$ cat structure-v2.csv   # CSV, C-alpha atoms and all ligand atoms
chain,number,residue,atom,x,y,z
A,19,MET,CA,18.0,74.6,-36.1
A,20,ASN,CA,16.0,72.7,-38.8
A,21,PRO,CA,12.6,74.1,-39.8
A,22,ALA,CA,9.8,72.1,-38.1
A,23,PRO,CA,8.7,69.3,-40.5
A,24,ARG,CA,5.3,69.6,-41.9
A,25,THR,CA,4.8,66.9,-44.5
A,26,VAL,CA,5.6,63.5,-43.0
A,27,LEU,CA,5.4,60.0,-44.6
A,28,LEU,CA,3.9,57.5,-42.2
A,29,THR,CA,4.8,54.0,-43.3
A,30,GLY,CA,2.9,51.1,-41.8
A,31,ALA,CA,-0.1,53.4,-41.6
A,32,ALA,CA,-2.7,50.5,-41.6
A,33,GLY,CA,-1.1,48.9,-38.5
A,34,GLY,CA,-2.0,49.2,-34.9
A,35,VAL,CA,0.3,52.1,-34.1
A,36,GLY,CA,-0.1,53.7,-37.6
A,37,THR,CA,-3.9,53.8,-37.1
A,38,LEU,CA,-3.6,55.5,-33.8
A,39,MET,CA,-1.0,58.0,-35.1
A,40,LEU,CA,-3.2,58.9,-38.2
A,41,ASP,CA,-5.7,60.1,-35.6
A,42,LEU,CA,-3.4,61.9,-33.2
A,43,LEU,CA,-0.5,63.4,-35.2
A,44,PRO,CA,-2.5,65.9,-37.3
A,45,ALA,CA,-3.3,67.9,-34.2
A,46,TYR,CA,0.4,68.7,-34.1
A,47,GLY,CA,0.1,70.3,-37.5
A,48,TYR,CA,1.5,67.5,-39.7
A,49,GLU,CA,0.2,66.6,-43.1
A,50,LEU,CA,0.5,62.9,-43.2
A,51,ARG,CA,1.2,60.8,-46.3
A,52,ALA,CA,0.2,57.3,-45.5
A,53,LEU,CA,1.9,54.2,-46.9
A,54,ASP,CA,1.2,50.5,-46.4
A,55,VAL,CA,1.3,47.3,-48.3
A,56,VAL,CA,-2.4,46.8,-47.5
A,57,PRO,CA,-5.2,49.5,-47.9
A,58,VAL,CA,-5.3,52.0,-45.1
A,59,PRO,CA,-8.9,52.2,-43.9
A,60,GLY,CA,-10.3,55.7,-44.2
A,61,VAL,CA,-7.4,57.0,-46.2
A,62,PRO,CA,-8.3,56.5,-49.9
A,63,GLY,CA,-5.2,58.4,-51.1
A,64,ALA,CA,-2.7,56.2,-49.2
A,65,VAL,CA,0.3,54.9,-51.1
A,66,ARG,CA,0.0,51.2,-51.5
A,67,ALA,CA,3.5,49.8,-51.7
A,68,ASP,CA,5.7,47.0,-50.5
A,69,LEU,CA,9.1,47.8,-48.9
A,70,ALA,CA,10.5,45.6,-51.6
A,71,ASP,CA,9.6,48.2,-54.2
A,72,ARG,CA,12.5,50.7,-54.3
A,73,ALA,CA,11.0,52.9,-57.0
A,74,ALA,CA,7.7,53.2,-55.1
A,75,LEU,CA,9.5,54.1,-51.9
A,76,ARG,CA,11.5,56.8,-53.7
A,77,GLU,CA,8.3,58.3,-55.1
A,78,ALA,CA,6.6,58.1,-51.7
A,79,VAL,CA,9.4,60.0,-49.9
A,80,ARG,CA,9.7,62.7,-52.6
A,81,GLY,CA,9.0,66.1,-51.1
A,82,VAL,CA,8.4,65.0,-47.5
A,83,ASP,CA,10.2,66.7,-44.6
A,84,ALA,CA,10.5,63.5,-42.6
A,85,VAL,CA,9.5,59.9,-42.4
A,86,ILE,CA,8.0,57.9,-39.5
A,87,HIS,CA,8.9,54.4,-40.4
A,88,LEU,CA,6.5,51.9,-38.8
A,89,ALA,CA,6.1,49.4,-41.6
A,90,GLY,CA,7.5,45.9,-41.4
A,91,ILE,CA,7.1,42.6,-39.6
A,92,SER,CA,6.2,43.5,-36.0
A,93,LEU,CA,6.4,40.0,-34.4
A,94,GLU,CA,8.6,36.9,-34.7
A,95,ALA,CA,8.8,35.2,-38.1
A,96,GLY,CA,11.1,33.1,-40.2
A,97,PHE,CA,14.6,34.6,-40.8
A,98,ASP,CA,14.1,35.1,-44.6
A,99,GLN,CA,10.8,36.8,-44.1
A,100,ILE,CA,12.3,39.1,-41.4
A,101,VAL,CA,15.3,39.9,-43.6
A,102,ALA,CA,13.1,40.8,-46.6
A,103,ALA,CA,10.8,43.3,-44.8
A,104,ASN,CA,12.9,44.6,-41.9
A,105,ILE,CA,16.4,44.5,-43.3
A,106,VAL,CA,16.3,44.7,-47.1
A,107,GLY,CA,13.1,46.8,-46.9
A,108,LEU,CA,14.7,49.2,-44.3
A,109,HIS,CA,17.7,49.6,-46.6
A,110,HIS,CA,15.4,50.5,-49.5
A,111,LEU,CA,13.7,53.1,-47.3
A,112,TYR,CA,17.0,54.7,-46.3
A,113,GLU,CA,18.2,54.7,-49.9
A,114,ALA,CA,15.1,56.4,-51.0
A,115,VAL,CA,15.5,59.0,-48.2
A,116,ARG,CA,19.1,59.6,-49.1
A,117,GLU,CA,18.4,59.9,-52.8
A,118,GLU,CA,15.5,62.3,-52.2
A,119,GLY,CA,17.4,64.4,-49.6
A,120,VAL,CA,14.9,63.8,-46.7
A,121,PRO,CA,16.6,65.0,-43.6
A,122,ARG,CA,15.2,62.9,-40.9
A,123,VAL,CA,13.7,59.5,-40.1
A,124,VAL,CA,11.9,58.3,-37.0
A,125,PHE,CA,12.5,54.6,-36.9
A,126,ALA,CA,10.3,52.2,-34.9
A,127,SER,CA,12.8,50.1,-33.1
A,128,SER,CA,11.7,47.8,-30.3
A,129,ASN,CA,12.3,46.8,-26.8
A,130,HIS,CA,13.1,43.4,-28.3
A,131,ALA,CA,16.5,44.7,-29.6
A,132,VAL,CA,17.5,44.5,-25.9
A,133,GLY,CA,15.0,41.8,-24.9
A,134,PHE,CA,17.4,39.4,-23.2
A,135,THR,CA,18.5,42.2,-20.8
A,136,PRO,CA,17.6,41.3,-17.3
A,137,ARG,CA,14.8,43.5,-16.0
A,138,PRO,CA,15.8,45.7,-13.1
A,139,ARG,CA,14.7,44.8,-9.6
A,140,ASP,CA,13.4,47.2,-7.1
A,141,GLY,CA,16.1,49.7,-6.1
A,142,GLU,CA,18.3,48.8,-9.2
A,143,PRO,CA,18.9,51.6,-11.8
A,144,ARG,CA,16.7,51.7,-14.8
A,145,VAL,CA,18.2,50.3,-18.1
A,146,PRO,CA,20.0,53.0,-20.1
A,147,VAL,CA,19.9,53.2,-23.9
A,148,ALA,CA,23.6,52.4,-23.9
A,149,THR,CA,23.0,48.9,-22.7
A,150,PRO,CA,24.3,46.3,-25.3
A,151,HIS,CA,22.0,44.9,-27.9
A,152,ARG,CA,20.6,41.6,-26.6
A,153,PRO,CA,17.9,40.6,-29.2
A,154,ASP,CA,15.4,38.0,-28.1
A,155,THR,CA,14.1,37.0,-31.6
A,156,TYR,CA,15.0,37.3,-35.3
A,157,TYR,CA,12.6,40.2,-35.0
A,158,GLY,CA,14.6,41.9,-32.3
A,159,LEU,CA,17.8,41.2,-34.2
A,160,SER,CA,16.3,43.1,-37.2
A,161,LYS,CA,15.6,46.1,-34.9
A,162,ALA,CA,19.2,46.0,-33.6
A,163,PHE,CA,20.4,46.0,-37.2
A,164,GLY,CA,18.0,48.9,-38.0
A,165,GLU,CA,19.5,51.0,-35.3
A,166,ASP,CA,23.0,50.3,-36.7
A,167,LEU,CA,21.8,51.1,-40.2
A,168,ALA,CA,20.4,54.4,-38.9
A,169,GLN,CA,23.8,55.2,-37.3
A,170,PHE,CA,25.5,54.4,-40.6
A,171,TYR,CA,23.3,56.6,-42.6
A,172,TRP,CA,24.0,59.5,-40.2
A,173,ASP,CA,27.7,59.0,-40.1
A,174,LYS,CA,28.1,58.3,-43.8
A,175,HIS,CA,25.3,60.3,-45.4
A,176,GLY,CA,24.1,62.8,-42.8
A,177,VAL,CA,20.5,61.4,-42.6
A,178,GLU,CA,19.3,62.0,-39.1
A,179,THR,CA,17.3,59.3,-37.2
A,180,VAL,CA,15.6,59.0,-33.9
A,181,SER,CA,15.4,55.2,-33.2
A,182,VAL,CA,12.5,54.7,-30.7
A,183,ARG,CA,12.7,51.4,-28.8
A,184,ILE,CA,8.9,51.2,-28.4
A,185,GLY,CA,7.7,49.3,-25.4
A,186,SER,CA,4.0,48.3,-25.8
A,187,CYS,CA,1.9,50.9,-27.7
A,188,PHE,CA,-1.7,49.9,-27.3
A,189,PRO,CA,-4.8,51.8,-26.0
A,190,GLU,CA,-4.4,50.0,-22.6
A,191,PRO,CA,-1.7,47.8,-21.1
A,192,LEU,CA,-2.7,44.2,-21.6
A,193,SER,CA,-0.4,42.4,-19.2
A,194,VAL,CA,1.6,42.9,-16.0
A,195,ARG,CA,4.8,43.2,-18.1
A,196,MET,CA,3.1,46.0,-20.1
A,197,LEU,CA,2.5,48.0,-17.0
A,198,SER,CA,6.3,48.6,-17.2
A,199,MET,CA,6.5,48.9,-21.0
A,200,TRP,CA,3.3,50.8,-21.9
A,201,LEU,CA,3.5,53.7,-24.3
A,202,SER,CA,0.0,55.3,-24.3
A,203,PRO,CA,-1.1,56.4,-27.8
A,204,ALA,CA,-1.1,60.0,-26.6
A,205,ASP,CA,2.4,59.7,-25.3
A,206,CYS,CA,3.5,58.0,-28.5
A,207,ALA,CA,2.3,61.0,-30.5
A,208,ARG,CA,4.1,63.3,-28.0
A,209,LEU,CA,7.3,61.3,-28.4
A,210,LEU,CA,7.1,61.2,-32.2
A,211,HIS,CA,6.5,65.0,-32.3
A,212,ALA,CA,9.6,65.5,-30.1
A,213,ALA,CA,11.6,63.2,-32.4
A,214,LEU,CA,10.5,65.1,-35.4
A,215,THR,CA,11.2,68.6,-34.1
A,216,ALA,CA,14.2,68.3,-31.7
A,217,PRO,CA,17.2,70.1,-33.3
A,218,GLU,CA,20.3,68.2,-34.3
A,219,VAL,CA,19.6,64.6,-33.2
A,220,GLY,CA,22.2,62.9,-35.4
A,221,HIS,CA,21.3,59.3,-34.5
A,222,THR,CA,19.6,59.2,-31.1
A,223,VAL,CA,18.2,56.1,-29.5
A,224,VAL,CA,15.4,56.5,-27.0
A,225,TYR,CA,13.1,54.3,-25.1
A,226,GLY,CA,9.4,54.7,-25.8
A,227,SER,CA,7.2,54.4,-22.8
A,228,SER,CA,4.9,56.5,-20.7
A,229,ALA,CA,5.7,57.8,-17.2
A,230,ASN,CA,5.0,54.4,-15.8
A,231,THR,CA,5.5,53.9,-12.0
A,232,ARG,CA,6.9,50.5,-12.8
A,233,ALA,CA,9.1,51.6,-15.7
A,234,PHE,CA,12.1,49.4,-16.5
A,235,TRP,CA,14.1,51.9,-18.5
A,236,ASP,CA,15.7,55.3,-18.5
A,237,LEU,CA,13.8,57.9,-20.5
A,238,SER,CA,16.5,60.6,-20.2
A,239,SER,CA,17.5,60.5,-23.9
A,240,ALA,CA,13.8,60.9,-24.9
A,241,ARG,CA,13.3,63.7,-22.4
A,242,ALA,CA,16.4,65.4,-23.9
A,243,LEU,CA,14.5,65.6,-27.2
A,244,GLY,CA,11.7,67.5,-25.4
A,245,TYR,CA,9.4,64.5,-24.7
A,246,GLU,CA,7.3,64.9,-21.5
A,247,PRO,CA,5.2,61.7,-20.9
A,248,VAL,CA,1.9,62.4,-19.3
A,249,ASP,CA,0.3,58.9,-18.8
A,250,ASP,CA,1.1,56.3,-16.2
A,251,SER,CA,-0.1,52.6,-16.6
A,252,GLU,CA,-0.6,52.5,-12.8
A,253,GLU,CA,-4.2,53.4,-13.2
A,254,TYR,CA,-4.7,50.0,-14.9
A,255,ALA,CA,-2.5,48.0,-12.5
A,256,GLU,CA,-5.3,46.7,-10.2
A,257,LYS,CA,-7.4,45.5,-13.1
A,258,VAL,CA,-4.5,44.0,-15.0
A,259,ILE,CA,-3.1,42.1,-12.0
A,260,ALA,CA,-6.5,40.8,-11.1
A,261,GLU,CA,-7.0,39.5,-14.6
A,262,LYS,CA,-3.5,38.2,-15.5
A,263,GLY,CA,-1.8,37.6,-12.2
A,264,ILE,CA,1.8,38.5,-11.4
A,265,PRO,CA,4.4,36.6,-13.6
A,266,ALA,CA,5.8,33.6,-11.8
A,267,PRO,CA,9.3,34.1,-10.3
A,268,GLY,CA,11.8,32.8,-12.8
A,269,SER,CA,9.5,33.0,-15.8
A,270,ALA,CA,10.6,35.0,-18.8
A,271,ASP,CA,8.1,37.8,-18.1
A,272,ASP,CA,9.7,38.0,-14.6
A,273,LEU,CA,13.3,37.8,-15.8
A,274,TYR,CA,13.8,39.8,-19.0
A,275,LEU,CA,12.8,43.1,-20.6
A,276,GLY,CA,11.5,41.1,-23.6
A,277,GLY,CA,9.4,38.8,-21.4
A,278,HIS,CA,7.8,35.9,-23.2
A,279,PHE,CA,9.3,36.9,-26.5
A,280,CYS,CA,12.5,35.4,-25.1
A,281,VAL,CA,11.0,31.9,-25.0
A,282,ASP,CA,7.7,31.8,-26.9
A,283,PRO,CA,7.3,34.8,-29.1
A,284,PRO,CA,4.0,35.7,-30.8
A,285,ARG,CA,4.4,35.0,-34.5
A,286,TRP,CA,3.6,36.9,-37.7
A,287,PRO,CA,1.1,36.9,-39.3
A,288,HIS,CA,-1.3,37.2,-36.4
B,301,LIG,P1,1.5,46.2,-37.1
B,301,LIG,O1,2.0,44.8,-37.5
B,301,LIG,O2,0.2,46.4,-36.6
B,301,LIG,O3,1.7,47.2,-38.4
B,301,LIG,C1,2.8,47.0,-39.3
B,301,LIG,C2,2.3,47.5,-40.6
B,301,LIG,O4,3.4,47.4,-41.6
B,301,LIG,C3,1.1,46.7,-41.2
B,301,LIG,O5,0.0,47.6,-41.5
B,301,LIG,C4,1.7,46.0,-42.4
B,301,LIG,O6,0.7,45.8,-43.4
B,301,LIG,C5,2.8,46.9,-42.8
B,301,LIG,N1,3.8,46.1,-43.5
B,301,LIG,C6,4.4,44.9,-43.2
B,301,LIG,N2,5.2,44.5,-44.1
B,301,LIG,C7,5.3,45.5,-45.0
B,301,LIG,C8,6.0,45.7,-46.3
B,301,LIG,N3,6.8,44.7,-46.7
B,301,LIG,N4,5.8,46.8,-47.0
B,301,LIG,C9,4.9,47.7,-46.5
B,301,LIG,N5,4.2,47.6,-45.4
B,301,LIG,C10,4.4,46.5,-44.7
B,301,LIG,O7,2.6,46.8,-36.1
B,301,LIG,P2,2.4,47.9,-35.0
B,301,LIG,O8,2.1,47.3,-33.7
B,301,LIG,O9,1.6,49.0,-35.6
B,301,LIG,O10,3.9,48.4,-34.9
B,301,LIG,C11,4.4,49.4,-35.8
B,301,LIG,C12,5.9,49.4,-35.7
B,301,LIG,O11,6.4,49.7,-34.4
B,301,LIG,C13,6.6,48.1,-36.2
B,301,LIG,O12,7.8,48.4,-36.9
B,301,LIG,C14,6.9,47.4,-34.9
B,301,LIG,O13,8.0,46.5,-35.0
B,301,LIG,C15,7.2,48.6,-34.0
B,301,LIG,N6,6.9,48.3,-32.6
B,301,LIG,C16,5.6,48.3,-32.1
B,301,LIG,C17,5.3,48.0,-30.8
B,301,LIG,C18,3.9,48.1,-30.3
B,301,LIG,O14,3.8,48.0,-29.1
B,301,LIG,N7,2.9,48.1,-31.1
B,301,LIG,C19,6.4,47.8,-29.8
B,301,LIG,C20,7.7,47.9,-30.4
B,301,LIG,C21,8.0,48.1,-31.7
B,302,LIG,C1,6.8,44.6,-30.1
B,302,LIG,O1,7.9,44.9,-30.6
B,302,LIG,C2,5.6,44.2,-30.9
B,302,LIG,O2,5.7,44.8,-32.2
B,302,LIG,C3,4.3,44.6,-30.2
B,302,LIG,O3,3.3,43.9,-30.9
B,302,LIG,C4,4.3,44.2,-28.7
B,302,LIG,O4,4.2,42.9,-28.6
B,302,LIG,C5,5.5,44.8,-28.0
B,302,LIG,O5,6.7,44.5,-28.7
B,302,LIG,C6,5.7,44.2,-26.6
B,302,LIG,O6,6.8,43.9,-26.2
B,302,LIG,O7,4.7,44.2,-25.9
$ encode --input "structure-v2.csv" --output "structure tokens" --more "lines below"
Ligand code: NAI
Ligand code: 15L
Amino acid sequence: MNPAPRTVLLTGAAGGVGTLMLDLLPAYGYELRALDVVPVPGVPGAVRADLADRAALREAVRGVDAVIHLAGISLEAGFDQIVAANIVGLHHLYEAVREEGVPRVVFASSNHAVGFTPRPRDGEPRVPVATPHRPDTYYGLSKAFGEDLAQFYWDKHGVETVSVRIGSCFPEPLSVRMLSMWLSPADCARLLHAALTAPEVGHTVVYGSSANTRAFWDLSSARALGYEPVDDSEEYAEKVIAEKGIPAPGSADDLYLGGHFCVDPPRWPH
């Protein structure tokens, strides 16, 4: 069994999930090294680097026990922009990890790698991780590529990865679809901790959500790492449904895991 990682590089530390994890992960005993292309509020020592900068990435990963890779374009964008940050940038990160002998990466994949998968109806089985990639955007396509890149770096170079297909990680679910996809910040920290400490993960793909009553997908591969979700979006259901209404039958939010990303994705930059 690998020794538990202690020093962890957190890329994308200035983003929504990164900000939440900077608060929550130190309680698990990690020393976080933050990296982002923009300043990280409250972390004056953060590494400021673009994923385009291979030398900076190599220096940033030097001496860490693991990397949590959140940085990149997190919504839909032009193909070239997505390729630069999420494909070329990801390759740079893995090359840095390989060169510096970092044993494990936790890669922020996304539900949008499988976004065109029909959402299960009542009584149907939850979607397994082995479901084929069905990206709903160039963004989702880049996450599908990222999972394949992680598999390649395990098979070819012995770099371990847990690819986490995150649902919707926000302080509260913001839509009816998110009642199914929600990953509470506290459960996100639990899942990342499990992904960092589980022995011998090779390349493992997991879904990232809380123990939602309305969950669409199968959390068994995440649970096999030791993840025990605690939160359930159901406590927000009445409020969210009253505010947003149930998605119309036949709408993208009704039909697909990726919901509105399939037809009208939010675009980067915000
Ligand atoms: P975000 O957009 O808030 O944060 C991304 C961060 O990456 C930003 O701080 C940005 O400055 C940084 N970044 C972008 N391009 C960069 C580059 N070229 N070099 C260095 N840093 C760069 O995204 P969020 O919501 O925090 O998501 C984090 C990760 O998790 C992303 O990879 C996203 O695709 C993934 N994810 C997030 C979900 C969510 O519910 N928040 C759901 C599914 C996946
Ligand atoms: C994602 O992949 C996005 O990065 C995030 O901003 C959310 O929109 C999330 O998916 C979602 O599907 O709700």
$ closest_residue --input "structure-v2.csv" --among "A:Leu88, A:Leu108, A:Val248, A:Ile184" --to "A:Gly133" --atoms "all atoms listed in the file"
A:Ile184
$ atom_distance --input "structure-v2.csv" --atom1 "atom CA of A:Asn129" --atom2 "atom CA of A:Val281"
15.1 Å
$ residues_near_ligand --input "structure-v2.csv" --ligand "ligand LIG 301 (chain B)" --cutoff "6 Å" --atoms "all atoms listed in the file" --output "compact mmCIF listing (two decimals) with C-alpha atoms, in the coordinates of the input"
# COMPACT_ATOMS: atom_id res chain seq x y z
CA GLY A 30 2.90 51.10 -41.80
CA ALA A 31 -0.10 53.40 -41.60
CA ALA A 32 -2.70 50.50 -41.60
CA GLY A 33 -1.10 48.90 -38.50
CA GLY A 34 -2.00 49.20 -34.90
CA VAL A 35 0.30 52.10 -34.10
CA GLY A 36 -0.10 53.70 -37.60
CA ASP A 54 1.20 50.50 -46.40
CA VAL A 55 1.30 47.30 -48.30
CA VAL A 56 -2.40 46.80 -47.50
CA ALA A 67 3.50 49.80 -51.70
CA ASP A 68 5.70 47.00 -50.50
CA LEU A 69 9.10 47.80 -48.90
CA LEU A 88 6.50 51.90 -38.80
CA ALA A 89 6.10 49.40 -41.60
CA GLY A 90 7.50 45.90 -41.40
CA ILE A 91 7.10 42.60 -39.60
CA SER A 92 6.20 43.50 -36.00
CA ALA A 103 10.80 43.30 -44.80
CA ALA A 126 10.30 52.20 -34.90
CA SER A 127 12.80 50.10 -33.10
CA SER A 128 11.70 47.80 -30.30
CA ASN A 129 12.30 46.80 -26.80
CA ILE A 184 8.90 51.20 -28.40
CA GLY A 185 7.70 49.30 -25.40
CA SER A 186 4.00 48.30 -25.80
CA CYS A 187 1.90 50.90 -27.70
$ atom_distance --input "structure-v2.csv" --atom1 "atom O2 of ligand LIG 302 (chain B)" --atom2 "atom CA of A:Ala216"
25.0 Å
$ residues_around --input "structure-v2.csv" --residues "A:Arg24" --least-positions-apart "2" --cutoff "9 Å" --atoms "only C-alpha atoms" --output "list in words"
Pro21, Ala22, Val26, Gly47, Tyr48, Glu49, Leu50, Val82, Asp83 and Ala84 of chain A
$ atom_distance --input "structure-v2.csv" --atom1 "atom CA of A:Leu209" --atom2 "atom CA of A:Ala240"
7.4 Å
$ closest_atom_pairs --input "structure-v2.csv" --of "stretch 186-254 of chain A" --to "stretch 153-166 of chain A" --cutoff "12 Å" --atoms "only C-alpha atoms" --output "tab-separated table"
residue	atom	partner	partner_atom	distance
A:His221	CA	A:Glu165	CA	8.5
A:Thr222	CA	A:Glu165	CA	9.2
A:Val223	CA	A:Glu165	CA	7.8
A:Val224	CA	A:Glu165	CA	10.8
$ residues_around --input "structure-v2.csv" --residues "A:Arg116" --least-positions-apart "5" --cutoff "9 Å" --atoms "all atoms listed in the file" --output "PDB file with C-alpha atoms, keeping the file's coordinate frame"
ATOM      1  CA  LEU A 111      13.700  53.100 -47.300  1.00  0.00           C
ATOM      2  CA  PRO A 121      16.600  65.000 -43.600  1.00  0.00           C
ATOM      3  CA  TYR A 171      23.300  56.600 -42.600  1.00  0.00           C
ATOM      4  CA  HIS A 175      25.300  60.300 -45.400  1.00  0.00           C
ATOM      5  CA  GLY A 176      24.100  62.800 -42.800  1.00  0.00           C
ATOM      6  CA  VAL A 177      20.500  61.400 -42.600  1.00  0.00           C
TER       7      VAL A 177
END
$ closest_residue --input "structure-v2.csv" --among "A:Phe279, A:Phe170, A:Phe97, A:Tyr225" --to "ligand LIG 302 (chain B)" --atoms "all atoms listed in the file"
A:Phe279
$ residues_around --input "structure-v2.csv" --residues "stretch 135-148 of chain A" --least-positions-apart "4" --cutoff "9 Å" --atoms "all atoms listed in the file" --output "PyMOL selection string"
chain A and resi 152-154+183+223-225+233-239+272-277
$ closest_residue --input "structure-v2.csv" --among "A:Lys257, A:Arg232, A:Arg72, A:Arg122" --to "A:His110" --atoms "all atoms listed in the file"
A:Arg72
$ residues_near_point --input "structure-v2.csv" --point "(-0.4, 64.4, -33.6)" --cutoff "9 Å" --atoms "all atoms listed in the file" --output "MDAnalysis selection string"
chainID A and resid 39:48 204 207:208 210:211
$ write_last_selection --input "structure-v2.csv" --atoms "C-alpha atoms" --output "tab-separated table (two decimals), keeping the file's coordinate frame"
chain	number	residue	atom	x	y	z
A	39	MET	CA	-1.00	58.00	-35.10
A	40	LEU	CA	-3.20	58.90	-38.20
A	41	ASP	CA	-5.70	60.10	-35.60
A	42	LEU	CA	-3.40	61.90	-33.20
A	43	LEU	CA	-0.50	63.40	-35.20
A	44	PRO	CA	-2.50	65.90	-37.30
A	45	ALA	CA	-3.30	67.90	-34.20
A	46	TYR	CA	0.40	68.70	-34.10
A	47	GLY	CA	0.10	70.30	-37.50
A	48	TYR	CA	1.50	67.50	-39.70
A	204	ALA	CA	-1.10	60.00	-26.60
A	207	ALA	CA	2.30	61.00	-30.50
A	208	ARG	CA	4.10	63.30	-28.00
A	210	LEU	CA	7.10	61.20	-32.20
A	211	HIS	CA	6.50	65.00	-32.30
$ closest_residue --input "structure-v2.csv" --among "A:Pro23, A:Gly60, A:Pro247, A:Pro191" --to "ligand LIG 302 (chain B)" --atoms "all atoms listed in the file"
A:Pro191
$ closest_residue --input "structure-v2.csv" --among "A:Leu167, A:Pro189, A:Ala131, A:Pro265" --to "ligand LIG 302 (chain B)" --atoms "only C-alpha atoms and all ligand atoms"
A:Ala131
$ closest_residue --input "structure-v2.csv" --among "A:Ala255, A:Val115, A:Val180, A:Ala95" --to "ligand LIG 302 (chain B)" --atoms "all atoms listed in the file"
A:Ala95
$ residues_around --input "structure-v2.csv" --residues "A:Ala213" --least-positions-apart "5" --cutoff "9 Å" --atoms "all atoms listed in the file" --output "number ranges by chain"
A: 123-124, 179-182, 208, 219, 240, 243-245
$ decode --input "structure-v2.csv" --residues "stretch 242-254 of chain A" --atoms "N, CA and C atoms" --output "compact mmCIF listing (two decimals), in the first residue's frame"
# COMPACT_ATOMS: atom_id res chain seq x y z
N ALA A 242 -16.04 1.83 -3.62
CA ALA A 242 -14.95 0.84 -3.54
C ALA A 242 -13.63 1.50 -3.14
N LEU A 243 -13.51 2.80 -3.38
CA LEU A 243 -12.30 3.53 -2.94
C LEU A 243 -12.38 3.92 -1.46
N GLY A 244 -13.56 3.72 -0.86
CA GLY A 244 -13.74 4.11 0.53
C GLY A 244 -14.60 5.35 0.71
N TYR A 245 -15.19 5.84 -0.39
CA TYR A 245 -16.04 7.04 -0.32
C TYR A 245 -17.39 6.68 0.28
N GLU A 246 -17.77 7.40 1.31
CA GLU A 246 -19.09 7.24 1.92
C GLU A 246 -19.78 8.59 1.91
N PRO A 247 -20.62 8.87 0.90
CA PRO A 247 -21.29 10.16 0.87
C PRO A 247 -22.25 10.30 2.04
N VAL A 248 -22.37 11.53 2.50
CA VAL A 248 -23.19 11.80 3.68
C VAL A 248 -24.41 12.64 3.30
N ASP A 249 -24.26 13.54 2.37
CA ASP A 249 -25.32 14.51 2.08
C ASP A 249 -26.31 13.98 1.04
N ASP A 250 -27.50 14.58 1.05
CA ASP A 250 -28.57 14.21 0.11
C ASP A 250 -29.26 15.51 -0.30
N SER A 251 -29.33 15.76 -1.60
CA SER A 251 -29.93 17.00 -2.10
C SER A 251 -31.42 17.11 -1.77
N GLU A 252 -32.00 16.01 -1.31
CA GLU A 252 -33.46 16.00 -1.12
C GLU A 252 -33.92 17.10 -0.16
N GLU A 253 -33.05 17.48 0.75
CA GLU A 253 -33.45 18.55 1.69
C GLU A 253 -33.69 19.88 0.97
N TYR A 254 -33.19 20.01 -0.27
CA TYR A 254 -33.40 21.24 -1.04
C TYR A 254 -34.52 21.09 -2.08
